[in-house]
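Asker: What follows is a single structure, and I will ask about it in a moment.
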Amino acid sequence: MCKIKLYLQFKNEPMKKINFPQFSLMVAAFLTTLFFLIGCKKDPVVPDATTPTVITTAVSGITPSSAISGGIISSKGTSDVTAKGVCWGISSKPDISGLHTSDGTGTAEYTSNLANLSPNTTYYVRAYATNASGTGYGTAITFTTPQFTCEVPITYEGKTYETVLINSQCWFKENLNVGSRINGNVNQTNNGILEKHCYNDVEANCNFYGALYQWEEMMQYVTTPGAQGICPPGWHIPTELDWTILTDYLGGENVAGGKMKEAGLNNWASPNTGATNSSGFTAFGAGRHKTEGFDGIMLISTFWSSTPDSATATYAWSHTLDSSGGDIYNGPGQKDNSVSVRCIHD
């Protein structure tokens, strides 16, 4: 075996002989020191990921069914705000897994409309904002909706409806108009989308006369009389008993229709017999849709009951006013007809 001998000379000293094992130890020590020095270099500073900081604005405009709040974003956090709004509910810490608004992106102050609230109920609301790091929430604010009072307008699905007290019943004073319009030759179906028909497939007719609904869509695919259906919380589709109480109070079927129709010829064709609207129900001649198409504008107004016809599964009870008489006709109608809907308070 060959032995390796190395010689090192330091300044002002005679050359020294070292063997290979000693040299290896020296190199190892040098490399260890070098790596240690390199490892001591400071890593670049990376800021901690943070969610937005949000302030919940005061609640205002409180009605039995709606309120207004919003938020101020004081810091967007470590990335841009991609969603913002308010959350609300009856629990003390509502979040975006429950009821919430979507009020855009960015850091501008925003206003949020809370809808479909129940009267005489305490709610918690807090603002939120979301970025890539997560969702930040403002402090929760509590508010209580007032007790419902009939003849005070209510807001539902972005629209405001007048109400009217007739005897002990509180009714919508206008026909319901919620949902997305589809053409009359297409049936409303249980597809998770609230659908409506508008007379002659014109949206403006829904805005003025109200929408037309097939019975099952109106009921939201249940068959229980008095179901909420497409009405707001705290309201329901009137039953046959509800209609009977109304017509009896107005003097019976032979004269009740005239007391429910708007007077004059603005929204009814001549002769609009018996029309006085003394009840305040304010029915227009909204027409209907049947298999043959739309008909009856300014001539008739038909309203659904939530009570199905026990004799025929494809029929449910309905109530019709017309321009030529002061009566109200109660009878079964085909569920796939599209007619008007009024809501009555629970």
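By order of appearance in the structure tokens: chains A, B, ..., then residues from 1 within every chain, and ligands from 1 in the order shown.
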Run DSSP on the backbone and grab whatever in stretch 122-197 of chain A lands in strand (DSSP E); send it over as a PyMOL selection string.
Answerer: chain A and resi 122-131+134-137+141-144+154-156+159-161+163-166+169-172+180-181+195-196
Asker: For A:Pro271, list every protein, DNA or RNA residue within 8 Å, evaluated using only C-alpha atoms, and leave out those in the same chain fewer than 3 positions away; present the list as a PyMOL selection string.
Answerer: chain A and resi 265+323-324
Asker: Which residues, written as a list in words, have at least one atom at most 7 Å from stretch 224-235 of chain A, with only C-alpha atoms counted and residues fewer than 5 positions away on the same chain left out?
Answerer: Asn116, Ser118, Tyr156, Met218, Met219, Ser306, Thr307, Cys343, Ile344, His345 and Asp346 of chain A
Asker: Residues within 6 Å of A:Gly326, please, as a short mmCIF file (atom, residue, chain, number, x, y, z; two decimals) with N, CA and C atoms, in the first residue's frame. Count only C-alpha atoms; anything in the same chain fewer than 3 positions from it doesn't count.
Answerer:
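Output (selection17.cif):
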```cif
data_model
loop_
_atom_site.label_atom_id
_atom_site.label_comp_id
_atom_site.auth_asym_id
_atom_site.auth_seq_id
_atom_site.Cartn_x
_atom_site.Cartn_y
_atom_site.Cartn_z
N VAL A 255 -121.86 38.90 -4.53
CA VAL A 255 -121.50 40.33 -4.54
C VAL A 255 -120.04 40.59 -4.16
N GLY A 257 -117.24 39.68 -5.44
CA GLY A 257 -116.32 39.99 -6.55
C GLY A 257 -116.24 41.47 -6.83
N GLY A 258 -117.40 42.15 -6.86
CA GLY A 258 -117.41 43.58 -7.12
C GLY A 258 -116.66 44.35 -6.06
N THR A 273 -118.81 45.35 -14.14
CA THR A 273 -120.04 45.38 -13.35
C THR A 273 -119.76 45.23 -11.86
N GLY A 274 -120.39 46.09 -11.07
CA GLY A 274 -120.37 45.97 -9.61
C GLY A 274 -119.08 46.37 -8.94
#
```
Asker: I'd like to know which of A:Cys198, A:Gly331, A:Thr107, A:Asp48 is closest to A:Asp309, using only C-alpha atoms.
Answerer: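 Smallest distance to A:Asp309 is found for A:Gly331.
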Asker: So, with only C-alpha atoms as the atoms that count, which of A:Glu216, A:Asp80, A:Asp201, A:Glu240 lies closest to A:Ala132?
Answerer: A:Asp80
Asker: So, with only C-alpha atoms as the atoms that count, which of A:Ile328, A:Ile245, A:Val202, A:Leu176 lies closest to A:Val341?
Answerer: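 Among the listed residues, the smallest separation from A:Val341 belongs to A:Leu176.
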Asker: Which is closer to A:Glu253 than all the others in A:Tyr124, A:Phe284, A:Tyr329, A:Phe172, using only C-alpha atoms?
Answerer: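 When distances to A:Glu253 are compared using only C-alpha atoms, the smallest one comes from A:Tyr329.
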Asker: Which residues, written as a PyMOL selection string, have at least one atom at most 9 Å from A:Thr101, with only C-alpha atoms counted and residues fewer than 2 positions away on the same chain left out?
Answerer: chain A and resi 84-88+96+99+103+112-114
Asker: Deliver the residues from the most recent selection as a file, using C-alpha atoms, as a compact mmCIF listing (two decimals), in the first residue's frame.
Answerer:
```
# COMPACT_ATOMS: atom_id res chain seq x y z
CA LYS A 84 -67.84 40.88 0.60
CA GLY A 85 -71.25 41.35 2.19
CA VAL A 86 -73.03 40.63 5.46
CA CYS A 87 -74.16 37.43 7.15
CA TRP A 88 -77.19 37.22 9.39
CA ILE A 96 -71.10 32.68 4.99
CA LEU A 99 -77.76 33.55 4.99
CA ASP A 103 -71.93 42.82 -2.56
CA SER A 112 -76.32 45.32 2.13
CA ASN A 113 -80.05 44.63 2.06
CA LEU A 114 -81.31 41.92 4.40
```
Asker: What gap, in Å, lies between atom CA of A:Ser318 and atom CA of A:Tyr213?
Answerer: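 About the pair atom CA of A:Ser318 and atom CA of A:Tyr213: they are 12.2 Å apart.
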Asker: Near A:Val54, within 6 Å and counting only C-alpha atoms, which residues show up once chain neighbours fewer than 2 positions away are dropped, as number ranges by chain?
Answerer: A: 72-74, 137-138
